[in-house]
>>> print(open('query.txt').read())   # compact mmCIF, C-alpha atoms
# COMPACT_ATOMS: atom_id res chain seq x y z
CA MET A 1 0.48 48.75 11.01
CA LYS A 2 3.51 47.18 12.63
CA ILE A 3 1.74 43.89 12.60
CA GLN A 4 1.06 44.20 8.88
CA PHE A 5 4.71 44.96 8.14
CA ALA A 6 5.78 42.07 10.29
CA GLY A 7 3.48 39.77 8.37
CA LEU A 8 4.82 41.01 5.04
CA ALA A 9 8.40 40.52 6.19
CA LEU A 10 7.58 36.98 7.24
CA LEU A 11 6.08 36.17 3.87
CA LEU A 12 9.07 37.64 2.03
CA ALA A 13 11.38 35.58 4.16
CA MET A 14 9.52 32.40 3.26
CA PRO A 15 8.99 32.40 -0.49
CA GLY A 16 8.77 28.62 -0.48
CA ALA A 17 5.87 28.70 1.91
CA VAL A 18 4.04 31.25 -0.20
CA ALA A 19 4.37 29.04 -3.24
CA GLY A 20 3.39 25.93 -1.30
CA GLN A 21 6.81 24.44 -1.98
CA MET A 22 8.31 24.35 1.47
CA ARG A 23 11.09 21.78 1.37
CA MET A 24 11.78 19.46 4.26
CA GLY A 25 14.24 16.66 4.67
CA ALA A 26 12.87 13.26 3.74
CA SER A 27 14.99 10.14 4.00
CA ALA A 28 14.23 6.47 3.67
CA THR A 29 16.26 3.30 3.36
CA SER A 30 15.45 -0.38 3.36
CA TYR A 31 17.47 -3.51 2.90
CA GLY A 32 17.03 -7.24 2.97
CA VAL A 33 19.94 -8.51 5.00
CA SER A 34 23.05 -7.11 6.62
CA VAL A 35 25.93 -8.83 8.39
CA ARG A 36 28.60 -7.00 10.33
CA THR A 37 31.24 -9.18 11.90
CA ALA A 38 35.02 -9.27 12.01
CA ASN A 39 34.99 -11.51 8.95
CA LEU A 40 32.12 -10.11 6.93
CA ASN A 41 30.64 -6.67 6.44
CA GLN A 42 27.98 -6.80 3.78
CA THR A 43 24.46 -5.59 3.00
CA ALA A 44 22.28 -7.06 0.27
CA ALA A 45 19.30 -5.72 -1.64
CA SER A 46 19.36 -2.12 -0.44
CA ALA A 47 17.24 0.83 -1.59
CA THR A 48 17.76 4.45 -0.56
CA LEU A 49 15.45 7.33 -1.38
CA PRO A 50 17.05 9.46 -4.12
CA GLY A 51 17.77 13.11 -3.49
CA ASP A 52 14.96 14.18 -5.80
CA GLY A 53 12.39 12.20 -3.89
CA THR A 54 10.72 9.70 -6.26
CA LEU A 55 11.54 6.01 -5.72
CA ALA A 56 14.35 3.50 -5.48
CA GLN A 57 14.09 -0.26 -5.47
CA ALA A 58 16.30 -3.31 -5.25
CA GLN A 59 15.58 -6.99 -5.41
CA ALA A 60 17.26 -10.37 -5.30
CA SER A 61 15.89 -13.86 -5.88
CA ASN A 62 18.36 -15.48 -3.50
CA VAL A 63 20.63 -13.93 -0.92
CA THR A 64 23.26 -15.78 1.07
CA LEU A 65 25.79 -14.01 3.25
CA GLY A 66 28.32 -16.57 4.39
CA SER A 67 26.90 -18.99 6.91
CA TYR A 68 25.11 -16.16 8.65
CA VAL A 69 21.90 -15.71 6.70
CA SER A 70 20.01 -16.80 3.63
CA ALA A 71 16.73 -15.58 2.16
CA GLN A 72 14.68 -15.66 -1.00
CA ASP A 73 12.63 -13.18 -2.98
CA VAL A 74 13.89 -9.98 -1.42
CA PHE A 75 12.17 -6.75 -2.51
CA ALA A 76 13.25 -3.40 -1.09
CA VAL A 77 11.62 -0.05 -1.89
CA ALA A 78 12.22 3.51 -0.66
CA THR A 79 9.87 6.35 -1.59
CA GLY A 80 8.88 9.83 -0.52
CA ASP A 81 9.44 13.50 -1.13
CA GLY A 82 10.47 16.57 0.80
CA ASP A 83 7.89 18.89 -0.75
CA ASP A 84 5.23 20.03 1.66
CA PRO A 85 3.54 17.92 2.95
CA ALA A 86 6.72 15.87 3.21
CA ASP A 87 6.68 12.12 3.49
CA ALA A 88 9.10 9.23 3.47
CA GLY A 89 8.62 5.50 3.55
CA SER A 90 10.39 2.27 2.91
CA SER A 91 9.61 -1.40 2.88
CA VAL A 92 11.31 -4.71 2.40
CA THR A 93 9.90 -8.20 2.09
CA LEU A 94 11.70 -11.54 2.27
CA GLU A 95 10.74 -15.19 2.20
CA SER A 96 12.29 -18.44 3.43
CA VAL A 97 14.66 -16.76 5.85
CA SER A 98 17.26 -18.77 7.73
CA VAL A 99 19.70 -17.22 10.17
CA LEU A 100 22.74 -19.04 11.58
CA ASN A 101 21.96 -22.32 9.88
CA GLY A 102 18.37 -22.48 11.01
CA LEU A 103 18.78 -21.16 14.54
CA ILE A 104 16.17 -18.59 13.52
CA THR A 105 13.76 -19.12 10.63
CA ALA A 106 10.80 -17.28 9.17
CA ASP A 107 8.57 -18.08 6.22
CA GLY A 108 7.93 -14.44 5.49
CA VAL A 109 9.22 -11.09 6.67
CA VAL A 110 7.71 -7.66 6.03
CA ALA A 111 9.27 -4.46 7.36
CA ILE A 112 7.57 -1.15 6.70
CA ALA A 113 8.50 2.31 7.97
CA SER A 114 6.42 5.42 7.29
CA SER A 115 7.05 9.02 8.24
CA SER A 116 5.21 12.27 7.73
CA ALA A 117 4.98 15.54 9.58
CA GLU A 118 2.30 13.92 11.75
CA GLY A 119 4.59 11.14 12.95
CA SER A 120 6.13 7.80 12.12
CA ASN A 121 5.08 4.19 12.46
CA GLY A 122 5.95 0.63 11.51
CA ASP A 123 2.40 -0.41 10.66
CA GLY A 124 2.19 -3.37 8.32
CA SER A 125 5.38 -5.03 9.52
CA SER A 126 5.06 -8.73 10.25
CA LEU A 127 6.80 -12.06 10.70
CA ALA A 128 5.31 -15.31 9.45
CA ASN A 129 5.95 -18.63 11.19
CA VAL A 130 9.05 -17.45 13.00
CA THR A 131 11.02 -20.00 15.01
CA VAL A 132 13.90 -19.43 17.40
CA ASN A 133 15.91 -22.37 18.68
CA GLY A 134 13.28 -24.61 17.16
CA VAL A 135 10.51 -23.02 19.16
CA SER A 136 7.67 -21.53 17.17
CA LEU A 137 6.65 -18.01 18.09
CA GLY A 138 3.81 -17.96 15.58
CA ASP A 139 2.77 -14.87 13.72
CA ALA A 140 2.00 -12.41 16.47
CA VAL A 141 5.39 -11.18 17.63
CA ALA A 142 5.11 -8.04 19.72
CA PRO A 143 7.44 -5.14 18.96
CA ASN A 144 10.87 -5.41 20.56
CA THR A 145 10.58 -9.05 21.61
CA ARG A 146 13.96 -10.22 22.91
CA VAL A 147 14.93 -13.89 22.95
CA GLU A 148 18.23 -15.15 24.35
CA LEU A 149 20.41 -17.31 22.15
CA PRO A 150 22.66 -19.26 24.53
CA GLY A 151 26.24 -19.31 23.34
CA VAL A 152 25.44 -16.89 20.53
CA GLY A 153 23.95 -13.71 21.99
CA TYR A 154 20.37 -12.62 21.61
CA VAL A 155 17.81 -11.63 19.00
CA VAL A 156 15.32 -8.80 19.00
CA LEU A 157 12.29 -9.52 16.85
CA ASN A 158 10.13 -6.78 15.36
CA GLU A 159 12.56 -4.21 16.69
CA GLN A 160 11.08 -0.71 16.38
CA THR A 161 13.26 2.23 17.31
CA THR A 162 12.33 5.88 17.13
CA THR A 163 14.81 8.20 15.50
CA PRO A 164 14.76 12.00 15.07
CA GLY A 165 11.67 12.57 12.95
CA GLY A 166 11.40 8.92 12.08
CA ILE A 167 11.55 5.25 12.84
CA THR A 168 13.70 2.20 12.12
CA VAL A 169 12.16 -1.25 11.95
CA ASN A 170 14.41 -4.32 12.07
CA MET A 171 12.34 -7.47 11.95
CA ILE A 172 15.17 -9.81 12.99
CA HIS A 173 18.16 -8.28 14.74
CA VAL A 174 20.71 -10.74 16.07
CA VAL A 175 23.42 -9.42 18.35
CA LEU A 176 26.41 -11.75 18.40
CA GLN A 177 28.20 -11.88 21.71
CA GLN A 178 31.18 -13.63 23.17
CA SER A 179 32.03 -14.10 26.83
CA VAL A 180 35.66 -14.24 27.89
CA LEU A 181 36.60 -14.52 31.54
CA GLY A 182 33.14 -13.46 32.55
CA VAL A 183 33.12 -10.40 30.35
CA THR A 184 30.53 -10.30 27.57
CA ARG A 185 31.29 -8.28 24.49
CA THR A 186 29.49 -7.77 21.19
CA THR A 187 31.28 -9.30 18.22
CA GLY A 188 28.84 -8.53 15.44
CA GLU A 189 25.25 -8.29 14.31
CA ILE A 190 22.88 -9.68 11.74
CA VAL A 191 19.84 -7.75 10.57
CA VAL A 192 17.09 -9.23 8.41
CA GLY A 193 14.36 -6.99 7.03
CA SER A 194 15.21 -3.39 7.83
CA ALA A 195 13.12 -0.34 6.93
CA SER A 196 13.70 3.19 8.10
CA SER A 197 12.26 6.60 7.31
CA SER A 198 12.29 10.13 8.64
CA VAL A 199 11.00 13.60 7.92
CA ASN A 200 12.69 16.62 9.43
CA MET B 1 3.69 -22.72 -11.37
CA SER B 2 0.87 -20.30 -11.63
CA ASN B 3 -0.25 -17.66 -14.03
CA PRO B 4 -2.35 -14.60 -13.33
CA ARG B 5 -4.59 -15.56 -16.23
CA LEU B 6 -5.57 -18.70 -14.40
CA HIS B 7 -6.78 -16.72 -11.46
CA ALA B 8 -9.01 -14.33 -13.21
CA GLY B 9 -12.13 -15.86 -11.68
CA LEU B 10 -12.13 -13.87 -8.51
CA ALA B 11 -10.94 -10.79 -10.28
CA ALA B 12 -13.58 -11.21 -12.94
CA THR B 13 -16.30 -10.95 -10.32
CA PHE B 14 -15.03 -7.54 -9.38
CA ALA B 15 -14.38 -6.61 -12.98
CA VAL B 16 -17.95 -7.27 -14.03
CA ALA B 17 -19.34 -5.35 -11.11
CA LEU B 18 -16.94 -2.52 -11.67
CA ALA B 19 -17.56 -2.25 -15.39
CA ALA B 20 -21.29 -2.07 -14.81
CA TRP B 21 -20.78 0.48 -12.12
CA GLY B 22 -18.44 2.52 -14.24
CA CYS B 23 -20.89 2.73 -17.12
CA GLU B 24 -23.66 3.75 -14.80
CA ALA B 25 -21.63 6.31 -12.94
CA ASN B 26 -20.06 8.11 -15.84
CA GLN B 27 -21.48 8.78 -19.22
CA THR B 28 -18.19 9.96 -20.66
CA SER B 29 -16.21 6.75 -20.33
CA LEU B 30 -13.52 6.44 -22.92
CA ALA B 31 -12.99 3.44 -25.10
CA PRO B 32 -9.87 1.48 -24.22
CA ALA B 33 -6.84 2.98 -25.87
CA THR B 34 -3.13 2.52 -25.59
CA GLY B 35 -1.48 4.69 -22.99
CA ARG B 36 -4.73 6.31 -21.94
CA PRO B 37 -7.12 5.68 -19.07
CA GLU B 38 -9.64 3.02 -20.02
CA PHE B 39 -12.37 4.30 -17.78
CA HIS B 40 -13.14 7.45 -15.91
CA PHE B 41 -15.01 6.35 -12.83
CA PHE B 42 -15.26 9.84 -11.47
CA GLN B 43 -14.98 13.50 -12.08
CA PHE B 44 -11.41 14.52 -12.60
CA GLU B 45 -9.25 17.46 -13.51
CA CYS B 46 -5.86 17.97 -15.06
CA THR B 47 -3.75 19.82 -12.55
CA PRO B 48 -0.11 19.52 -11.52
CA PHE B 49 0.26 17.25 -8.50
CA LYS B 50 2.39 14.50 -7.14
CA VAL B 51 1.65 11.35 -5.13
CA THR B 52 4.36 9.44 -3.32
CA GLY B 53 4.72 6.58 -0.88
CA GLY B 54 4.05 2.89 -0.69
CA GLY B 55 2.89 0.22 1.64
CA ARG B 56 0.93 -2.95 2.05
CA ILE B 57 -2.53 -4.21 1.18
CA ASP B 58 -3.99 -7.42 2.58
CA TYR B 59 -6.17 -8.49 -0.31
CA PRO B 60 -8.46 -10.29 -0.17
CA PRO B 61 -10.43 -8.94 1.60
CA GLY B 62 -8.68 -5.59 1.30
CA THR B 63 -9.85 -4.11 4.56
CA ALA B 64 -7.83 -2.30 7.20
CA ASP B 65 -7.14 -5.63 8.94
CA GLN B 66 -4.09 -7.72 8.20
CA ASN B 67 -4.50 -11.30 7.07
CA PRO B 68 -2.49 -13.86 9.07
CA PRO B 69 1.12 -13.32 7.97
CA ALA B 70 1.57 -17.05 7.36
CA SER B 71 -1.13 -16.93 4.70
CA HIS B 72 1.03 -14.63 2.56
CA GLU B 73 -2.23 -13.05 1.44
CA TYR B 74 -0.91 -9.56 0.92
CA GLU B 75 0.68 -7.22 -1.57
CA THR B 76 3.41 -4.64 -1.10
CA PHE B 77 4.32 -1.75 -3.34
CA GLY B 78 6.05 1.55 -3.88
CA ALA B 79 4.73 4.12 -6.30
CA HIS B 80 4.99 7.74 -7.25
CA VAL B 81 3.55 9.86 -10.02
CA ILE B 82 4.01 13.44 -11.13
CA ALA B 83 1.14 14.91 -13.13
CA SER B 84 1.96 17.64 -15.59
CA GLY B 85 -1.41 19.36 -15.57
CA GLN B 86 -1.33 19.27 -19.38
CA THR B 87 -3.60 17.38 -21.75
CA ASP B 88 -2.93 15.82 -25.12
CA ALA B 89 -5.06 16.23 -28.22
CA ASN B 90 -7.44 13.54 -26.96
CA GLY B 91 -7.97 15.25 -23.65
CA THR B 92 -5.91 12.75 -21.69
CA CYS B 93 -4.18 14.22 -18.68
CA LEU B 94 -0.47 13.67 -19.11
CA ALA B 95 2.02 12.53 -16.52
CA ASP B 96 5.52 13.92 -16.37
CA LYS B 97 6.87 10.73 -14.89
CA GLY B 98 6.24 8.04 -12.35
CA GLU B 99 7.23 4.65 -11.08
CA LEU B 100 5.51 1.58 -9.74
CA GLU B 101 6.97 -1.50 -8.11
CA TRP B 102 4.31 -4.04 -7.14
CA VAL B 103 4.75 -7.44 -5.49
CA ASP B 104 1.86 -9.84 -4.94
CA HIS B 105 2.87 -12.34 -2.26
CA ARG B 106 -0.18 -14.57 -2.52
CA PRO B 107 0.85 -18.19 -3.11
CA GLU B 108 -1.81 -18.58 -5.79
CA MET B 109 -0.22 -15.74 -7.75
CA GLU B 110 3.31 -17.13 -7.73
CA ILE B 111 5.06 -17.67 -11.02
CA ASN B 112 7.77 -20.32 -11.03
CA GLY B 113 7.77 -20.26 -7.27
CA HIS B 114 8.34 -16.52 -6.98
CA PRO B 115 5.95 -13.70 -6.08
CA LEU B 116 4.30 -11.88 -8.96
CA ASN B 117 6.36 -8.73 -9.59
CA LEU B 118 5.05 -5.88 -11.74
CA HIS B 119 7.34 -3.04 -12.74
CA ALA B 120 6.15 0.10 -14.52
CA THR B 121 8.14 0.97 -17.62
CA ALA B 122 6.24 4.17 -18.37
CA VAL B 123 3.69 6.33 -16.60
CA THR B 124 1.74 8.22 -19.22
CA PHE B 125 -1.42 9.65 -17.68
CA ALA B 126 -2.42 11.10 -14.34
CA GLU B 127 -5.59 12.87 -13.37
CA ARG B 128 -6.76 14.24 -10.07
CA ALA B 129 -10.03 12.84 -8.81
CA THR B 130 -12.45 15.40 -7.47
CA ASP B 131 -15.51 13.24 -6.75
CA THR B 132 -14.01 11.55 -3.74
CA ASP B 133 -13.97 11.64 0.02
CA CYS B 134 -10.22 11.03 0.17
CA SER B 135 -9.53 13.94 2.49
CA ASP B 136 -6.09 14.92 1.23
CA GLY B 137 -6.38 14.08 -2.45
CA ALA B 138 -6.92 11.24 -4.90
CA ALA B 139 -5.63 10.34 -8.33
CA HIS B 140 -6.13 7.93 -11.18
CA TRP B 141 -2.98 7.23 -13.16
CA GLY B 142 -1.23 4.58 -15.18
CA GLY B 143 0.80 3.61 -18.20
CA LYS B 144 2.78 0.55 -19.21
CA LEU B 145 4.37 -2.19 -17.14
CA ARG B 146 6.41 -5.35 -17.39
CA VAL B 147 5.85 -8.65 -15.60
CA GLN B 148 9.31 -9.20 -14.18
CA ASN B 149 8.74 -12.94 -13.74
CA THR B 150 7.93 -13.61 -17.39
CA GLY B 151 9.29 -10.66 -19.32
CA GLN B 152 5.82 -9.79 -20.65
CA GLU B 153 5.88 -6.07 -21.23
CA ASN B 154 4.13 -3.10 -22.70
CA LEU B 155 1.01 -4.02 -20.75
CA ASP B 156 -1.44 -1.26 -19.87
CA PHE B 157 -2.09 -0.67 -16.21
CA GLU B 158 -4.00 1.83 -14.14
CA VAL B 159 -4.11 2.57 -10.46
CA TRP B 160 -6.41 4.43 -8.09
CA ASP B 161 -4.63 6.30 -5.42
CA CYS B 162 -6.19 7.77 -2.26
CA ASP B 163 -4.61 9.92 0.45
CA ASN B 164 -7.12 9.96 3.25
CA GLY B 165 -5.16 11.49 6.10
CA GLU B 166 -2.62 10.18 8.57
CA PRO B 167 -1.53 7.61 9.32
CA GLY B 168 -1.76 5.89 5.99
CA ALA B 169 -2.50 2.46 7.43
CA GLY B 170 -6.24 2.15 7.92
CA HIS B 171 -6.97 5.32 5.98
CA ASP B 172 -5.27 5.58 2.60
CA GLY B 173 -6.02 3.32 -0.33
CA PHE B 174 -4.57 1.94 -3.52
CA ALA B 175 -5.85 -0.27 -6.32
CA ILE B 176 -4.35 -1.65 -9.50
CA ARG B 177 -5.66 -3.19 -12.67
CA VAL B 178 -3.82 -4.85 -15.56
CA PRO B 179 -6.49 -5.77 -18.10
CA ALA B 180 -4.30 -7.89 -20.38
CA LEU B 181 -3.54 -10.22 -17.48
CA GLY B 182 -7.03 -10.23 -16.03
CA TYR B 183 -5.26 -9.08 -12.89
CA GLU B 184 -6.62 -6.58 -10.45
CA VAL B 185 -6.49 -5.76 -6.79
CA MET B 186 -9.51 -3.54 -6.35
CA CYS B 187 -12.03 -3.07 -3.58
CA PRO B 188 -15.07 -1.20 -4.88
CA ASP B 189 -17.51 -0.13 -2.20
CA PRO B 190 -21.01 0.92 -3.23
CA ASP B 191 -21.18 3.16 -0.18
CA LEU B 192 -18.27 5.26 -1.41
CA PRO B 193 -17.90 7.49 -4.45
CA PRO B 194 -16.83 5.46 -7.49
CA ALA B 195 -13.51 7.24 -7.47
CA GLU B 196 -12.51 4.89 -4.70
CA PRO B 197 -12.19 1.27 -5.75
CA SER B 198 -8.98 1.37 -3.75
CA CYS B 199 -8.15 -1.15 -1.04
CA THR B 200 -7.34 0.15 2.42
CA LEU B 201 -3.65 0.12 3.30
CA THR B 202 -2.63 -2.12 6.16
CA GLY B 203 0.80 -0.49 6.25
CA GLY B 204 2.62 2.42 4.69
CA ASN B 205 1.30 5.72 3.48
CA ARG B 206 0.17 7.55 0.38
CA GLN B 207 0.97 11.25 0.31
CA PHE B 208 -0.77 13.61 -2.08
CA HIS B 209 1.27 16.71 -2.88
CA PRO B 210 -1.00 19.37 -4.43
CA THR B 211 1.92 21.00 -6.24
CA HIS B 212 5.32 19.98 -7.51
>>> encode(input="query.txt", output="structure tokens")
Amino acid sequence: MKIQFAGLALLLAMPGAVAGQMRMGASATSYGVSVRTANLNQTAASATLPGDGTLAQAQASNVTLGSYVSAQDVFAVATGDGDDPADAGSSVTLESVSVLNGLITADGVVAIASSSAEGSNGDGSSLANVTVNGVSLGDAVAPNTRVELPGVGYVVLNEQTTTPGGITVNMIHVVLQQSVLGVTRTTGEIVVGSASSSVN
Amino acid sequence: MSNPRLHAGLAATFAVALAAWGCEANQTSLAPATGRPEFHFFQFECTPFKVTGGGRIDYPPGTADQNPPASHEYETFGAHVIASGQTDANGTCLADKGELEWVDHRPEMEINGHPLNLHATAVTFAERATDTDCSDGAAHWGGKLRVQNTGQENLDFEVWDCDNGEPGAGHDGFAIRVPALGYEVMCPDPDLPPAEPSCTLTGGNRQFHPTH
């Protein structure tokens, strides 16, 4: 009998579960390009999942942020919902990407982040014809590939980072560094093709 | 410059096969009508549900494998729909609301040098498919859209939406058809129930929510 009462109490305490409407937190954001330096702090073509779930999108035919980055045909989407079974996802695509006046280029960039109660992944993300310092890396760039940029800093390609209940995918993440008297410090960053999502 | 109408050849092959299949599979197909599903390829029911998510399809061929990224042979999208569970006087299952943002990155589909971009302006119908092996739920829904590149609007569209477990990549599916453009990204498989002309996602996820 105690067990029955305990079960009833549990059901009463979770009306959402009884109705199949358990609400979880679902968040998703994507953007085309972002520059954060002492001189420029700007993000372009950004979409963030609305509070009611559903969908948000942003796009831009041409994006140029100073002399740091340029890209064409940027499409960013964020979707998902917190209703059980919760899900969140975001994607962004770009074409004709040039970072730091051609130091890094890519014909096409796709960043996709997906999250559900079962886990998160960056499946579907890709770089097309990426070059760094004039060296072609082709299409198959492994996650979290780091390439040094002498005199500039370094770049992480296909950067995939787990977050609480989610994932962030940055397809091109340049860390700007400066060395003074043997001490290296970060002076800024450039991100191209970022998608993140989480379910908690 | 390119126009979807000029590339109907490949799509037409699928369209012919699909139309024949649809007639054979379902004796209650509806005549084309504005704001209503043009075909019922499967058994369906009007119940409240919601489908959310987005992702990537590498079509053609539309399998679980990515095409080489440099080929730009892929499509990306975000889409959600909320079905009301109600029907109109014609028996069409009504949608409460929905959105679709679709980008076809294939070079042959470019318009004025930019990827084909379809944007739903209204989602009018949504029905839950029951004759399907999509493990977590499937839907057929659609409405009206605008071609962002050209401004063409008020064009009927329909999609097939399949949540087939987790993760979405390699499992879930999605397909779209815009008859007025002769445009479709569909992957019918005679080994599967006709409710599933959807192409396998190579990224992203579709999530079927049985209630809303």
>>> closest_residue(input="query.txt", among="B:Thr202, B:Ala95, B:Gly168, B:Tyr183", to="Ser120 (chain A)", atoms="all atoms listed in the file")
B:Gly168
>>> closest_atom_pairs(input="query.txt", of="chain A", to="chain B", cutoff="7 Å", atoms="only C-alpha atoms", output="tab-separated table")
residue	atom	partner	partner_atom	distance
A:Thr54	CA	B:His80	CA	6.1
A:Leu55	CA	B:His80	CA	6.9
A:Asp73	CA	B:His114	CA	6.7
A:Val77	CA	B:Gly78	CA	6.1
A:Thr79	CA	B:Gly53	CA	5.2
A:Gly80	CA	B:Gly53	CA	5.3
A:Asp81	CA	B:Thr52	CA	6.9
A:Asp84	CA	B:His209	CA	6.9
A:Pro85	CA	B:His209	CA	6.4
A:Asp87	CA	B:Gln207	CA	6.6
A:Ala88	CA	B:Gly53	CA	6.7
A:Gly89	CA	B:Gly53	CA	6.0
A:Ile112	CA	B:Gly204	CA	6.4
A:Ala113	CA	B:Gly204	CA	6.7
A:Ser114	CA	B:Gly204	CA	5.5
A:Glu118	CA	B:Glu166	CA	7.0
A:Asp123	CA	B:Gly203	CA	4.7
A:Gly124	CA	B:Gly203	CA	3.8
A:Ser126	CA	B:Pro69	CA	6.5
A:Leu127	CA	B:Pro69	CA	6.4
A:Ala128	CA	B:Ala70	CA	4.6
A:Asn129	CA	B:Ala70	CA	6.0
A:Asp139	CA	B:Pro69	CA	6.2
>>> write_last_selection(input="query.txt", atoms="C-alpha atoms", output="PDB file, in the frame of the given file")
ATOM      1  CA  THR A  54      10.720   9.700  -6.260  1.00  0.00           C
ATOM      2  CA  LEU A  55      11.540   6.010  -5.720  1.00  0.00           C
ATOM      3  CA  ASP A  73      12.630 -13.180  -2.980  1.00  0.00           C
ATOM      4  CA  VAL A  77      11.620  -0.050  -1.890  1.00  0.00           C
ATOM      5  CA  THR A  79       9.870   6.350  -1.590  1.00  0.00           C
ATOM      6  CA  GLY A  80       8.880   9.830  -0.520  1.00  0.00           C
ATOM      7  CA  ASP A  81       9.440  13.500  -1.130  1.00  0.00           C
ATOM      8  CA  ASP A  84       5.230  20.030   1.660  1.00  0.00           C
ATOM      9  CA  PRO A  85       3.540  17.920   2.950  1.00  0.00           C
ATOM     10  CA  ASP A  87       6.680  12.120   3.490  1.00  0.00           C
ATOM     11  CA  ALA A  88       9.100   9.230   3.470  1.00  0.00           C
ATOM     12  CA  GLY A  89       8.620   5.500   3.550  1.00  0.00           C
ATOM     13  CA  ILE A 112       7.570  -1.150   6.700  1.00  0.00           C
ATOM     14  CA  ALA A 113       8.500   2.310   7.970  1.00  0.00           C
ATOM     15  CA  SER A 114       6.420   5.420   7.290  1.00  0.00           C
ATOM     16  CA  GLU A 118       2.300  13.920  11.750  1.00  0.00           C
ATOM     17  CA  ASP A 123       2.400  -0.410  10.660  1.00  0.00           C
ATOM     18  CA  GLY A 124       2.190  -3.370   8.320  1.00  0.00           C
ATOM     19  CA  SER A 126       5.060  -8.730  10.250  1.00  0.00           C
ATOM     20  CA  LEU A 127       6.800 -12.060  10.700  1.00  0.00           C
ATOM     21  CA  ALA A 128       5.310 -15.310   9.450  1.00  0.00           C
ATOM     22  CA  ASN A 129       5.950 -18.630  11.190  1.00  0.00           C
ATOM     23  CA  ASP A 139       2.770 -14.870  13.720  1.00  0.00           C
TER      24      ASP A 139
END
>>> closest_residue(input="query.txt", among="A:Val135, A:Val155, A:Ala28, A:Val192", to="Gly108 (chain A)", atoms="all atoms listed in the file")
A:Val192
>>> closest_residue(input="query.txt", among="A:Val147, A:Val174, A:Val169, A:Leu65", to="Ser91 (chain A)", atoms="all atoms listed in the file")
A:Val169
>>> axis_aligned_box(input="query.txt", around="region 51-58 of chain B", padding_each_side="6 Å", output="AutoDock Vina command-line options")
--center_x 0.4 --center_y 2.0 --center_z -1.3 --size_x 20.7 --size_y 30.8 --size_z 19.7
>>> atom_distance(input="query.txt", atom1="CA of Asn170 (chain A)", atom2="CA of Thr93 (chain A)")
11.6 Å
>>> atom_distance(input="query.txt", atom1="CA of Val191 (chain A)", atom2="CA of His173 (chain A)")
4.5 Å
>>> closest_residue(input="query.txt", among="A:Gln72, A:Ser196, A:Gln57, A:Ser34", to="Leu94 (chain A)", atoms="all atoms listed in the file")
A:Gln72
>>> closest_residue(input="query.txt", among="A:Leu100, A:Ser61, A:Leu176, A:Ser125", to="Ala44 (chain A)", atoms="only C-alpha atoms")
A:Ser61
>>> residues_around(input="query.txt", residues="Glu158 (chain B)", least_positions_apart="4", cutoff="8 Å", atoms="all atoms listed in the file", output="list in words")
Pro37, His140, Trp141, Gly142, Gly143, Ile176, Arg177 and Val178 of chain B
>>> atom_distance(input="query.txt", atom1="CA of Gly188 (chain A)", atom2="CA of Ser27 (chain A)")
25.9 Å
>>> closest_residue(input="query.txt", among="B:Leu181, B:Ala139, B:Cys187, B:Leu94", to="Thr124 (chain B)", atoms="all atoms listed in the file")
B:Leu94
>>> residues_around(input="query.txt", residues="Gly25 (chain A)", least_positions_apart="6", cutoff="9 Å", atoms="only C-alpha atoms", output="list in words")
Asp81, Gly82, Asp83, Ala86, Asp87, Ser198, Val199 and Asn200 of chain A
